[in-house]
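start-v7.pdb, holding PDB, C-alpha atoms:
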MODEL        1
ATOM      1  CA  MET D   1     182.330 128.850  94.292
ATOM      2  CA  ALA D   2     179.853 130.412  91.841
ATOM      3  CA  ALA D   3     177.436 132.968  93.262
ATOM      4  CA  ARG D   4     174.468 130.763  92.476
ATOM      5  CA  ASP D   5     175.956 127.999  94.643
ATOM      6  CA  GLN D   6     176.498 130.169  97.692
ATOM      7  CA  VAL D   7     174.670 129.155 100.848
ATOM      8  CA  GLU D   8     172.620 131.572 102.941
ATOM      9  CA  ILE D   9     171.384 130.904 106.460
ATOM     10  CA  ARG D  10     168.071 132.363 107.660
ATOM     11  CA  ASP D  11     166.666 131.533 111.071
ATOM     12  CA  GLY D  12     168.939 128.501 111.142
ATOM     13  CA  VAL D  13     167.700 127.234 107.760
ATOM     14  CA  GLU D  14     170.289 126.553 105.050
ATOM     15  CA  LEU D  15     169.227 127.959 101.663
ATOM     16  CA  LYS D  16     170.915 127.185  98.326
ATOM     17  CA  HIS D  17     170.677 128.196  94.663
ATOM     18  CA  LEU D  18     168.697 131.317  95.487
ATOM     19  CA  ASP D  19     169.414 133.241  92.304
ATOM     20  CA  GLY D  20     168.095 130.732  89.774
ATOM     21  CA  GLU D  21     164.630 131.044  88.252
ATOM     22  CA  LEU D  22     162.002 129.650  90.602
ATOM     23  CA  PHE D  23     160.411 127.489  87.896
ATOM     24  CA  ASP D  24     160.186 127.655  84.121
ATOM     25  CA  GLY D  25     158.375 130.842  83.118
ATOM     26  CA  ALA D  26     158.142 132.170  86.675
ATOM     27  CA  GLY D  27     159.917 135.424  85.886
ATOM     28  CA  VAL D  28     161.217 135.537  89.467
ATOM     29  CA  THR D  29     163.959 133.768  91.413
ATOM     30  CA  LYS D  30     163.923 131.372  94.314
ATOM     31  CA  ARG D  31     165.336 134.252  96.379
ATOM     32  CA  ASP D  32     162.245 136.309  95.538
ATOM     33  CA  LEU D  33     160.041 133.534  96.913
ATOM     34  CA  VAL D  34     162.109 133.211 100.099
ATOM     35  CA  ASP D  35     162.144 136.996 100.600
ATOM     36  CA  TYR D  36     158.382 137.218 100.117
ATOM     37  CA  LEU D  37     157.452 134.366 102.455
ATOM     38  CA  ASP D  38     159.938 135.623 105.029
ATOM     39  CA  ALA D  39     158.346 139.080 104.850
ATOM     40  CA  VAL D  40     154.757 137.830 105.281
ATOM     41  CA  ALA D  41     155.462 134.941 107.662
ATOM     42  CA  ASP D  42     153.678 136.625 110.571
ATOM     43  CA  ARG D  43     150.575 137.055 108.394
ATOM     44  CA  ILE D  44     150.473 133.665 106.686
ATOM     45  CA  LEU D  45     151.188 131.656 109.842
ATOM     46  CA  PRO D  46     147.713 132.251 111.379
ATOM     47  CA  GLU D  47     146.266 130.729 108.203
ATOM     48  CA  LEU D  48     148.441 127.628 108.605
ATOM     49  CA  HIS D  49     148.239 127.179 112.380
ATOM     50  CA  ASP D  50     146.820 123.871 113.561
ATOM     51  CA  ARG D  51     145.988 122.673 110.034
ATOM     52  CA  PRO D  52     147.472 119.774 108.049
ATOM     53  CA  LEU D  53     149.367 121.348 105.172
ATOM     54  CA  THR D  54     149.738 120.390 101.537
ATOM     55  CA  VAL D  55     152.247 122.354  99.457
ATOM     56  CA  LEU D  56     152.746 122.646  95.726
ATOM     57  CA  ARG D  57     156.415 122.557  94.806
ATOM     58  CA  ALA D  58     157.791 123.830  91.510
ATOM     59  CA  ARG D  59     161.257 123.343  90.029
ATOM     60  CA  PRO D  60     162.877 124.342  86.740
ATOM     61  CA  GLY D  61     162.429 121.684  84.090
ATOM     62  CA  GLN D  62     159.747 119.807  86.013
ATOM     63  CA  GLN D  63     155.985 119.886  86.323
ATOM     64  CA  PRO D  64     154.775 121.312  89.658
ATOM     65  CA  PHE D  65     153.614 118.641  92.090
ATOM     66  CA  MET D  66     151.466 118.522  95.210
ATOM     67  CA  GLN D  67     153.196 117.200  98.330
ATOM     68  CA  LYS D  68     151.210 116.023 101.348
ATOM     69  CA  ASN D  69     153.661 113.706 103.082
ATOM     70  CA  LEU D  70     156.508 115.501 104.803
ATOM     71  CA  PRO D  71     159.747 114.168 103.236
ATOM     72  CA  SER D  72     161.956 111.947 105.387
ATOM     73  CA  TYR D  73     164.823 114.438 105.008
ATOM     74  CA  ALA D  74     162.822 117.287 106.567
ATOM     75  CA  PRO D  75     164.119 118.756 109.853
ATOM     76  CA  ASP D  76     162.897 116.929 112.938
ATOM     77  CA  TRP D  77     161.641 120.202 114.432
ATOM     78  CA  ILE D  78     158.734 120.328 111.965
ATOM     79  CA  PRO D  79     155.714 118.791 113.724
ATOM     80  CA  THR D  80     153.464 116.391 111.846
ATOM     81  CA  THR D  81     150.046 114.822 112.108
ATOM     82  CA  THR D  82     148.994 111.504 110.627
ATOM     83  CA  VAL D  83     145.696 111.331 108.743
ATOM     84  CA  TRP D  84     144.103 108.298 107.133
ATOM     85  CA  ALA D  85     143.418 108.958 103.439
ATOM     86  CA  GLN D  86     140.333 107.030 102.451
ATOM     87  CA  ALA D  87     140.856 107.522  98.714
ATOM     88  CA  SER D  88     144.381 106.063  98.663
ATOM     89  CA  GLN D  89     143.874 103.749 101.668
ATOM     90  CA  ARG D  90     147.025 104.874 103.415
ATOM     91  CA  GLU D  91     148.231 107.108 106.204
ATOM     92  CA  VAL D  92     149.540 110.524 105.222
ATOM     93  CA  ARG D  93     152.077 112.295 107.458
ATOM     94  CA  TYR D  94     151.135 115.932 106.988
ATOM     95  CA  PRO D  95     153.409 118.735 108.173
ATOM     96  CA  LEU D  96     152.177 121.445 110.496
ATOM     97  CA  CYS D  97     153.598 124.892 109.792
ATOM     98  CA  GLU D  98     153.730 126.723 113.111
ATOM     99  CA  ASP D  99     156.705 129.098 112.965
ATOM    100  CA  ARG D 100     158.759 131.335 110.703
ATOM    101  CA  ARG D 101     161.652 128.923 110.213
ATOM    102  CA  THR D 102     159.245 126.268 108.902
ATOM    103  CA  VAL D 103     157.889 128.781 106.377
ATOM    104  CA  VAL D 104     161.467 129.606 105.349
ATOM    105  CA  TRP D 105     162.355 125.897 105.091
ATOM    106  CA  PHE D 106     159.409 125.260 102.776
ATOM    107  CA  ALA D 107     160.407 128.275 100.675
ATOM    108  CA  GLY D 108     163.862 126.761 100.384
ATOM    109  CA  GLN D 109     162.217 123.598  99.075
ATOM    110  CA  ARG D 110     160.498 125.657  96.360
ATOM    111  CA  ALA D 111     157.112 125.197  98.005
ATOM    112  CA  VAL D 112     155.270 127.867  96.027
ATOM    113  CA  GLU D 113     151.693 127.221  97.139
ATOM    114  CA  PHE D 114     150.369 126.633 100.676
ATOM    115  CA  HIS D 115     147.105 124.687 100.934
ATOM    116  CA  PRO D 116     146.053 124.149 104.568
ATOM    117  CA  THR D 117     142.937 122.097 105.260
ATOM    118  CA  VAL D 118     139.687 124.005 105.721
ATOM    119  CA  LEU D 119     138.944 122.007 108.860
ATOM    120  CA  ASP D 120     141.475 122.369 111.644
ATOM    121  CA  LEU D 121     143.687 119.665 113.123
ATOM    122  CA  ARG D 122     140.806 118.318 115.226
ATOM    123  CA  ALA D 123     138.409 118.349 112.225
ATOM    124  CA  ARG D 124     136.523 121.335 113.629
ATOM    125  CA  VAL D 125     134.727 123.904 111.507
ATOM    126  CA  THR D 126     136.133 127.430 111.616
ATOM    127  CA  HIS D 127     134.686 128.852 108.392
ATOM    128  CA  LEU D 128     132.710 128.196 105.226
ATOM    129  CA  VAL D 129     134.271 128.583 101.784
ATOM    130  CA  LEU D 130     132.677 129.638  98.514
ATOM    131  CA  ASP D 131     135.174 129.181  95.685
ATOM    132  CA  LEU D 132     134.257 131.174  92.563
ATOM    133  CA  ASP D 133     135.732 129.482  89.503
ATOM    134  CA  PRO D 134     135.353 131.223  86.114
ATOM    135  CA  PRO D 135     135.143 129.339  82.825
ATOM    136  CA  GLU D 136     138.066 129.325  80.427
ATOM    137  CA  GLY D 137     138.506 132.716  78.778
ATOM    138  CA  ALA D 138     136.184 134.610  81.115
ATOM    139  CA  ALA D 139     137.015 138.158  82.147
ATOM    140  CA  PHE D 140     137.870 138.767  85.794
ATOM    141  CA  ALA D 141     134.859 141.115  85.851
ATOM    142  CA  ASP D 142     132.646 138.034  85.517
ATOM    143  CA  VAL D 143     134.086 136.558  88.716
ATOM    144  CA  VAL D 144     133.769 139.911  90.474
ATOM    145  CA  HIS D 145     130.084 139.988  89.504
ATOM    146  CA  ALA D 146     129.667 136.530  91.028
ATOM    147  CA  ALA D 147     131.409 137.713  94.211
ATOM    148  CA  HIS D 148     128.997 140.630  94.521
ATOM    149  CA  LEU D 149     126.111 138.166  94.183
ATOM    150  CA  VAL D 150     127.584 136.079  97.012
ATOM    151  CA  HIS D 151     127.908 139.247  99.089
ATOM    152  CA  GLU D 152     124.232 140.000  98.478
ATOM    153  CA  THR D 153     123.299 136.430  99.404
ATOM    154  CA  LEU D 154     125.253 136.615 102.653
ATOM    155  CA  ALA D 155     123.672 139.931 103.600
ATOM    156  CA  GLY D 156     120.227 138.509 102.892
ATOM    157  CA  GLY D 157     120.931 135.683 105.335
ATOM    158  CA  GLY D 158     122.351 137.968 108.016
ATOM    159  CA  LEU D 159     125.920 136.761 107.446
ATOM    160  CA  ARG D 160     129.200 138.480 106.684
ATOM    161  CA  GLY D 161     132.271 137.250 104.861
ATOM    162  CA  ALA D 162     135.746 138.262 103.742
ATOM    163  CA  VAL D 163     136.926 138.118 100.144
ATOM    164  CA  LYS D 164     140.298 137.515  98.510
ATOM    165  CA  THR D 165     141.670 136.773  95.077
ATOM    166  CA  SER D 166     142.536 133.113  94.680
ATOM    167  CA  GLY D 167     145.901 134.056  93.199
ATOM    168  CA  SER D 168     144.815 132.354  90.001
ATOM    169  CA  LYS D 169     141.727 133.454  88.050
ATOM    170  CA  GLY D 170     139.082 133.079  90.743
ATOM    171  CA  ILE D 171     137.885 134.533  94.037
ATOM    172  CA  HIS D 172     137.457 132.969  97.490
ATOM    173  CA  VAL D 173     134.759 134.091  99.921
ATOM    174  CA  ILE D 174     135.323 133.028 103.542
ATOM    175  CA  VAL D 175     132.522 133.066 106.123
ATOM    176  CA  PRO D 176     133.678 132.508 109.731
ATOM    177  CA  ALA D 177     131.443 130.157 111.722
ATOM    178  CA  VAL D 178     131.135 129.489 115.450
ATOM    179  CA  SER D 179     133.071 126.496 116.739
ATOM    180  CA  SER D 180     129.910 124.556 117.619
ATOM    181  CA  THR D 181     129.054 124.228 113.904
ATOM    182  CA  SER D 182     129.085 120.620 112.730
ATOM    183  CA  VAL D 183     130.848 119.643 109.516
ATOM    184  CA  GLU D 184     127.551 118.431 108.061
ATOM    185  CA  ASP D 185     125.798 121.738 108.822
ATOM    186  CA  ALA D 186     128.703 123.764 107.427
ATOM    187  CA  MET D 187     128.618 121.848 104.170
ATOM    188  CA  ALA D 188     124.842 122.111 103.970
ATOM    189  CA  ALA D 189     124.877 125.868 104.613
ATOM    190  CA  THR D 190     127.495 126.325 101.903
ATOM    191  CA  ARG D 191     125.334 124.432  99.411
ATOM    192  CA  ALA D 192     122.378 126.645 100.297
ATOM    193  CA  LEU D 193     124.419 129.830  99.916
ATOM    194  CA  ALA D 194     125.605 128.689  96.485
ATOM    195  CA  ALA D 195     122.053 127.824  95.418
ATOM    196  CA  ARG D 196     120.734 131.190  96.613
ATOM    197  CA  THR D 197     123.514 132.946  94.715
ATOM    198  CA  GLU D 198     122.647 131.056  91.544
ATOM    199  CA  ARG D 199     118.999 132.114  91.854
ATOM    200  CA  LEU D 200     120.012 135.780  91.903
ATOM    201  CA  ASP D 201     121.483 135.568  88.375
ATOM    202  CA  PRO D 202     121.221 132.108  86.784
ATOM    203  CA  ALA D 203     122.465 133.497  83.475
ATOM    204  CA  ALA D 204     125.833 134.397  85.036
ATOM    205  CA  VAL D 205     126.548 131.831  87.764
ATOM    206  CA  THR D 206     125.937 128.131  88.252
ATOM    207  CA  THR D 207     126.235 125.393  90.840
ATOM    208  CA  ALA D 208     126.588 122.687  88.160
ATOM    209  CA  PHE D 209     129.320 120.343  89.368
ATOM    210  CA  ILE D 210     129.759 118.697  85.963
ATOM    211  CA  LYS D 211     131.898 121.066  83.903
ATOM    212  CA  GLU D 212     130.067 120.537  80.607
ATOM    213  CA  ASP D 213     126.845 121.705  82.269
ATOM    214  CA  ARG D 214     128.227 125.111  83.274
ATOM    215  CA  ARG D 215     127.833 126.616  79.790
ATOM    216  CA  GLY D 216     130.297 129.470  80.198
ATOM    217  CA  LYS D 217     129.078 130.572  83.636
ATOM    218  CA  VAL D 218     131.065 131.178  86.827
ATOM    219  CA  PHE D 219     130.944 128.087  89.028
ATOM    220  CA  VAL D 220     130.020 128.765  92.661
ATOM    221  CA  ASP D 221     131.755 125.772  94.229
ATOM    222  CA  PRO D 222     130.235 124.771  97.585
ATOM    223  CA  THR D 223     132.384 121.666  98.135
ATOM    224  CA  ARG D 224     135.346 123.190  99.995
ATOM    225  CA  SER D 225     133.756 123.559 103.442
ATOM    226  CA  GLY D 226     134.394 119.953 104.475
ATOM    227  CA  GLY D 227     137.648 118.024 104.299
ATOM    228  CA  ALA D 228     139.176 119.941 101.408
ATOM    229  CA  SER D 229     142.228 122.196 101.385
ATOM    230  CA  LEU D 230     142.467 125.695  99.951
ATOM    231  CA  ALA D 231     145.234 128.073  98.891
ATOM    232  CA  CYS D 232     145.275 130.374 101.903
ATOM    233  CA  ALA D 233     145.486 134.138 102.102
ATOM    234  CA  TYR D 234     148.977 135.374 101.147
ATOM    235  CA  SER D 235     149.900 132.076  99.479
ATOM    236  CA  PRO D 236     151.802 132.475  96.201
ATOM    237  CA  ARG D 237     150.544 130.544  93.191
ATOM    238  CA  ALA D 238     152.647 128.727  90.600
ATOM    239  CA  ARG D 239     151.750 130.961  87.674
ATOM    240  CA  PRO D 240     153.907 133.291  85.544
ATOM    241  CA  GLY D 241     154.890 136.261  87.680
ATOM    242  CA  VAL D 242     153.928 134.254  90.813
ATOM    243  CA  PRO D 243     150.719 136.038  91.864
ATOM    244  CA  VAL D 244     149.474 135.924  95.447
ATOM    245  CA  SER D 245     146.090 135.136  96.988
ATOM    246  CA  PHE D 246     145.390 138.602  98.332
ATOM    247  CA  PRO D 247     142.690 140.160 100.555
ATOM    248  CA  VAL D 248     140.470 142.696  98.824
ATOM    249  CA  GLY D 249     137.743 144.784 100.443
ATOM    250  CA  TRP D 250     134.260 144.295  98.997
ATOM    251  CA  GLY D 251     134.235 147.895  97.805
ATOM    252  CA  ALA D 252     137.545 147.514  95.967
ATOM    253  CA  LEU D 253     136.751 144.378  93.959
ATOM    254  CA  ASP D 254     135.815 146.255  90.802
ATOM    255  CA  ASP D 255     139.167 148.031  90.722
ATOM    256  CA  VAL D 256     141.612 145.122  91.019
ATOM    257  CA  ARG D 257     143.001 142.340  88.864
ATOM    258  CA  PRO D 258     144.757 139.155  90.063
ATOM    259  CA  GLY D 259     148.028 140.300  88.486
ATOM    260  CA  ASP D 260     148.097 143.335  90.778
ATOM    261  CA  PHE D 261     149.304 141.121  93.620
ATOM    262  CA  THR D 262     152.537 139.176  93.177
ATOM    263  CA  ILE D 263     155.405 138.139  95.426
ATOM    264  CA  LEU D 264     157.242 141.256  94.204
ATOM    265  CA  THR D 265     154.419 143.768  94.744
ATOM    266  CA  ALA D 266     152.483 142.375  97.718
ATOM    267  CA  PRO D 267     154.927 143.275 100.512
ATOM    268  CA  GLY D 268     154.892 146.936  99.496
ATOM    269  CA  LEU D 269     151.098 146.935  99.263
ATOM    270  CA  LEU D 270     150.816 145.362 102.715
ATOM    271  CA  GLY D 271     153.331 147.464 104.597
ATOM    272  CA  ASP D 272     152.886 146.523 108.256
ATOM    273  CA  ARG D 273     149.175 145.742 107.895
ATOM    274  CA  ASP D 274     147.301 142.453 107.826
ATOM    275  CA  PRO D 275     144.176 143.294 105.806
ATOM    276  CA  TRP D 276     142.935 139.708 105.938
ATOM    277  CA  ARG D 277     142.680 139.856 109.719
ATOM    278  CA  GLU D 278     141.261 143.386 109.548
ATOM    279  CA  GLN D 279     138.370 142.492 107.262
ATOM    280  CA  MET D 280     137.579 139.060 108.744
ATOM    281  CA  PRO D 281     134.230 139.103 110.593
ATOM    282  CA  ALA D 282     133.769 137.434 113.952
ATOM    283  CA  PRO D 283     132.538 133.812 113.908
ATOM    284  CA  GLN D 284     128.797 133.582 113.297
ATOM    285  CA  ALA D 285     126.041 131.115 114.074
ATOM    286  CA  LEU D 286     124.523 129.789 110.865
ATOM    287  CA  PRO D 287     120.813 130.552 110.366
ATOM    288  CA  ARG D 288     118.708 127.438 110.917
ATOM    289  CA  ASN D 289     116.666 127.956 107.759
ATOM    290  CA  LEU D 290     119.879 128.147 105.712
ATOM    291  CA  VAL D 291     121.170 124.894 107.160
ATOM    292  CA  GLU D 292     117.839 123.142 106.641
ATOM    293  CA  GLU D 293     117.675 124.334 103.042
ATOM    294  CA  GLY D 294     121.176 122.999 102.423
ATOM    295  CA  HIS D 295     120.442 119.583 103.864
ATOM    296  CA  ALA D 296     117.716 119.200 101.240
ATOM    297  CA  ILE D 297     120.241 119.841  98.417
ATOM    298  CA  PRO D 298     122.096 116.732  97.177
ATOM    299  CA  VAL D 299     125.848 116.590  97.824
ATOM    300  CA  PRO D 300     127.345 117.778  94.483
ATOM    301  CA  ARG D 301     130.009 115.102  94.094
ATOM    302  CA  VAL D 302     127.553 112.309  94.844
ATOM    303  CA  ALA D 303     124.896 113.771  92.562
ATOM    304  CA  ALA D 304     127.460 114.248  89.782
ATOM    305  CA  MET D 305     128.647 110.652  90.144
ATOM    306  CA  HIS D 306     125.105 109.292  89.781
ATOM    307  CA  GLU D 307     124.392 111.637  86.872
ATOM    308  CA  GLY D 308     127.593 110.573  85.146
ATOM    309  CA  LYS D 309     126.587 106.922  85.432
ATOM    310  CA  ARG D 310     123.096 107.720  84.124
ATOM    311  CA  ARG D 311     124.538 109.532  81.100
ATOM    312  CA  ALA D 312     126.942 106.692  80.416
ATOM    313  CA  ARG D 313     124.061 104.213  80.430
ATOM    314  CA  ALA D 314     122.063 106.479  78.094
ATOM    315  CA  ARG D 315     124.975 106.686  75.642
ATOM    316  CA  ARG D 316     125.373 102.918  75.643
ATOM    317  CA  GLY D 317     121.649 102.327  75.195
TER     318      GLY D 317
ENDMDL
END
The structure in this file should be written as structure tokens.
Amino acid sequence: MAARDQVEIRDGVELKHLDGELFDGAGVTKRDLVDYLDAVADRILPELHDRPLTVLRARPGQQPFMQKNLPSYAPDWIPTTTVWAQASQREVRYPLCEDRRTVVWFAGQRAVEFHPTVLDLRARVTHLVLDLDPPEGAAFADVVHAAHLVHETLAGGGLRGAVKTSGSKGIHVIVPAVSSTSVEDAMAATRALAARTERLDPAAVTTAFIKEDRRGKVFVDPTRSGGASLACAYSPRARPGVPVSFPVGWGALDDVRPGDFTILTAPGLLGDRDPWREQMPAPQALPRNLVEEGHAIPVPRVAAMHEGKRRARARRG
């Protein structure tokens, strides 16, 4: 039997074809992915606990694809939860990733990215998300500048947050919230934080949901605090070199680049630490004035839909 066909067993999970390239252009092997996720399992599992999970799988010769439904061939020890998907009008059987062997099984399936829902299994708020998305061709320094503006906005509102690279070209800011926070208030507060950030430097950042309106600025996306999912801390990303979404202290942002953190380098940088847990503030009550301000701001997707229709009518007429 050729070496690439040999089977390895980890935590009772059968793993095959470990020495082939993970996906076209990855520059790493499937074994590298398994080794990485095995090494950080104790740190990524708290991010996945009690949250419906979507994974992005990547294979050689194929386009990566998002997978929400747990495949029928998956082990019966992986728990699931069924969620009604309004957009597709069907039930989705999401996996729940609650232990190391489930992480290893997903790695064996070439699940490169881990996107748990922002709301937990019971649709409760645990944190707000500000997703900083740079325009095409922007320098990472531009996103770092936007992150510092968010930091200033949070401080001005008496809030604290943790920051991590997205693993792609952006930055995620996470603001823990007390469990009594409603979904509507969390989304409103996030809109207000984004708007306040934009006011600090409107030449550099924008809250424009329609891409053509961003005009080369970093987009402060406030739409992730509801029913969305997000690449979690320590999740690899399906990019060349397979970078990782990695925690960065506010004071270190100016000195890092996304490529510093990959599945090959991250374990050595982490050692036995969990910097994401270390820098995460305690849950906070959201200031009433922030929530009220946010409720007065239109929901971006709805506003963009109406604006798109208005522009279409104007073009026709």
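Distance check against Leu159 in chain D using only C-alpha atoms: of D:His127, D:His49, D:Arg93, D:Arg273, the minimum falls on D:His127.
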- Query: Using only C-alpha atoms, which residues sit within 10 Å of range 100-105 of chain D once same-chain residues fewer than 4 positions away are excluded, as a PyMOL selection string?
  - Reply: chain D and resi 10-15+33-42+44-45+48+74-75+77-79+95-96+109-111+114
- Query: For the file shown, what are the residues hit by the PyMOL selection byres ((chain D and resi 221) around 12), laid out as an MDAnalysis selection string?
  - Reply: chainID D and resid 128:134 146:147 150 170:173 187 190:195 197:198 205:211 214 217:220 222:225 228 299:301
Would you output that residue set with C-alpha atoms, as a PDB file, in the frame of the given file?
ATOM      1  CA  LEU D 128     132.710 128.196 105.226  1.00  0.00           C
ATOM      2  CA  VAL D 129     134.271 128.583 101.784  1.00  0.00           C
ATOM      3  CA  LEU D 130     132.677 129.638  98.514  1.00  0.00           C
ATOM      4  CA  ASP D 131     135.174 129.181  95.685  1.00  0.00           C
ATOM      5  CA  LEU D 132     134.257 131.174  92.563  1.00  0.00           C
ATOM      6  CA  ASP D 133     135.732 129.482  89.503  1.00  0.00           C
ATOM      7  CA  PRO D 134     135.353 131.223  86.114  1.00  0.00           C
ATOM      8  CA  ALA D 146     129.667 136.530  91.028  1.00  0.00           C
ATOM      9  CA  ALA D 147     131.409 137.713  94.211  1.00  0.00           C
ATOM     10  CA  VAL D 150     127.584 136.079  97.012  1.00  0.00           C
ATOM     11  CA  GLY D 170     139.082 133.079  90.743  1.00  0.00           C
ATOM     12  CA  ILE D 171     137.885 134.533  94.037  1.00  0.00           C
ATOM     13  CA  HIS D 172     137.457 132.969  97.490  1.00  0.00           C
ATOM     14  CA  VAL D 173     134.759 134.091  99.921  1.00  0.00           C
ATOM     15  CA  MET D 187     128.618 121.848 104.170  1.00  0.00           C
ATOM     16  CA  THR D 190     127.495 126.325 101.903  1.00  0.00           C
ATOM     17  CA  ARG D 191     125.334 124.432  99.411  1.00  0.00           C
ATOM     18  CA  ALA D 192     122.378 126.645 100.297  1.00  0.00           C
ATOM     19  CA  LEU D 193     124.419 129.830  99.916  1.00  0.00           C
ATOM     20  CA  ALA D 194     125.605 128.689  96.485  1.00  0.00           C
ATOM     21  CA  ALA D 195     122.053 127.824  95.418  1.00  0.00           C
ATOM     22  CA  THR D 197     123.514 132.946  94.715  1.00  0.00           C
ATOM     23  CA  GLU D 198     122.647 131.056  91.544  1.00  0.00           C
ATOM     24  CA  VAL D 205     126.548 131.831  87.764  1.00  0.00           C
ATOM     25  CA  THR D 206     125.937 128.131  88.252  1.00  0.00           C
ATOM     26  CA  THR D 207     126.235 125.393  90.840  1.00  0.00           C
ATOM     27  CA  ALA D 208     126.588 122.687  88.160  1.00  0.00           C
ATOM     28  CA  PHE D 209     129.320 120.343  89.368  1.00  0.00           C
ATOM     29  CA  ILE D 210     129.759 118.697  85.963  1.00  0.00           C
ATOM     30  CA  LYS D 211     131.898 121.066  83.903  1.00  0.00           C
ATOM     31  CA  ARG D 214     128.227 125.111  83.274  1.00  0.00           C
ATOM     32  CA  LYS D 217     129.078 130.572  83.636  1.00  0.00           C
ATOM     33  CA  VAL D 218     131.065 131.178  86.827  1.00  0.00           C
ATOM     34  CA  PHE D 219     130.944 128.087  89.028  1.00  0.00           C
ATOM     35  CA  VAL D 220     130.020 128.765  92.661  1.00  0.00           C
ATOM     36  CA  PRO D 222     130.235 124.771  97.585  1.00  0.00           C
ATOM     37  CA  THR D 223     132.384 121.666  98.135  1.00  0.00           C
ATOM     38  CA  ARG D 224     135.346 123.190  99.995  1.00  0.00           C
ATOM     39  CA  SER D 225     133.756 123.559 103.442  1.00  0.00           C
ATOM     40  CA  ALA D 228     139.176 119.941 101.408  1.00  0.00           C
ATOM     41  CA  VAL D 299     125.848 116.590  97.824  1.00  0.00           C
ATOM     42  CA  PRO D 300     127.345 117.778  94.483  1.00  0.00           C
ATOM     43  CA  ARG D 301     130.009 115.102  94.094  1.00  0.00           C
TER      44      ARG D 301
END
I need the output of the PyMOL selection byres ((chain D and resi 237-249) around 9) for this file as a PDB file with C-alpha atoms, in the coordinates of the input; which residues are they?
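Okay, this is what ended up in part_29.pdb:
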ATOM      1  CA  PHE D  23     160.411 127.489  87.896  1.00  0.00           C
ATOM      2  CA  ASP D  24     160.186 127.655  84.121  1.00  0.00           C
ATOM      3  CA  GLY D  25     158.375 130.842  83.118  1.00  0.00           C
ATOM      4  CA  ALA D  26     158.142 132.170  86.675  1.00  0.00           C
ATOM      5  CA  GLY D  27     159.917 135.424  85.886  1.00  0.00           C
ATOM      6  CA  VAL D  28     161.217 135.537  89.467  1.00  0.00           C
ATOM      7  CA  LEU D  33     160.041 133.534  96.913  1.00  0.00           C
ATOM      8  CA  LEU D  56     152.746 122.646  95.726  1.00  0.00           C
ATOM      9  CA  ARG D  57     156.415 122.557  94.806  1.00  0.00           C
ATOM     10  CA  ALA D  58     157.791 123.830  91.510  1.00  0.00           C
ATOM     11  CA  PRO D  64     154.775 121.312  89.658  1.00  0.00           C
ATOM     12  CA  VAL D 112     155.270 127.867  96.027  1.00  0.00           C
ATOM     13  CA  GLU D 113     151.693 127.221  97.139  1.00  0.00           C
ATOM     14  CA  PHE D 114     150.369 126.633 100.676  1.00  0.00           C
ATOM     15  CA  ALA D 162     135.746 138.262 103.742  1.00  0.00           C
ATOM     16  CA  VAL D 163     136.926 138.118 100.144  1.00  0.00           C
ATOM     17  CA  LYS D 164     140.298 137.515  98.510  1.00  0.00           C
ATOM     18  CA  THR D 165     141.670 136.773  95.077  1.00  0.00           C
ATOM     19  CA  SER D 166     142.536 133.113  94.680  1.00  0.00           C
ATOM     20  CA  GLY D 167     145.901 134.056  93.199  1.00  0.00           C
ATOM     21  CA  SER D 168     144.815 132.354  90.001  1.00  0.00           C
ATOM     22  CA  ILE D 171     137.885 134.533  94.037  1.00  0.00           C
ATOM     23  CA  HIS D 172     137.457 132.969  97.490  1.00  0.00           C
ATOM     24  CA  ALA D 231     145.234 128.073  98.891  1.00  0.00           C
ATOM     25  CA  CYS D 232     145.275 130.374 101.903  1.00  0.00           C
ATOM     26  CA  ALA D 233     145.486 134.138 102.102  1.00  0.00           C
ATOM     27  CA  TYR D 234     148.977 135.374 101.147  1.00  0.00           C
ATOM     28  CA  SER D 235     149.900 132.076  99.479  1.00  0.00           C
ATOM     29  CA  PRO D 236     151.802 132.475  96.201  1.00  0.00           C
ATOM     30  CA  TRP D 250     134.260 144.295  98.997  1.00  0.00           C
ATOM     31  CA  GLY D 251     134.235 147.895  97.805  1.00  0.00           C
ATOM     32  CA  ALA D 252     137.545 147.514  95.967  1.00  0.00           C
ATOM     33  CA  LEU D 253     136.751 144.378  93.959  1.00  0.00           C
ATOM     34  CA  VAL D 256     141.612 145.122  91.019  1.00  0.00           C
ATOM     35  CA  PRO D 258     144.757 139.155  90.063  1.00  0.00           C
ATOM     36  CA  GLY D 259     148.028 140.300  88.486  1.00  0.00           C
ATOM     37  CA  ASP D 260     148.097 143.335  90.778  1.00  0.00           C
ATOM     38  CA  PHE D 261     149.304 141.121  93.620  1.00  0.00           C
ATOM     39  CA  THR D 262     152.537 139.176  93.177  1.00  0.00           C
ATOM     40  CA  ILE D 263     155.405 138.139  95.426  1.00  0.00           C
ATOM     41  CA  LEU D 264     157.242 141.256  94.204  1.00  0.00           C
ATOM     42  CA  ALA D 266     152.483 142.375  97.718  1.00  0.00           C
ATOM     43  CA  ASP D 274     147.301 142.453 107.826  1.00  0.00           C
ATOM     44  CA  PRO D 275     144.176 143.294 105.806  1.00  0.00           C
ATOM     45  CA  TRP D 276     142.935 139.708 105.938  1.00  0.00           C
ATOM     46  CA  GLN D 279     138.370 142.492 107.262  1.00  0.00           C
TER      47      GLN D 279
END
- Query: D:Thr80, D:Ser72, D:Thr126, D:Gln6: which is nearest Ala285 in chain D, counting all atoms listed in the file?
  - Reply: D:Thr126
- Would you work out the distance separating CA of Pro281 in chain D from CA of Ile174 in chain D, expressed in Å to one decimal?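 Computing the Euclidean distance for CA of Pro281 in chain D and CA of Ile174 in chain D yields 9.4 Å.
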- Task: Find the residues near Val7 in chain D: any atom within 12 Å, counting all atoms listed in the file, skip ones fewer than 6 places away on the same chain, and give them as a ChimeraX atom specification.
- Result: /D:1,13-19,31,108
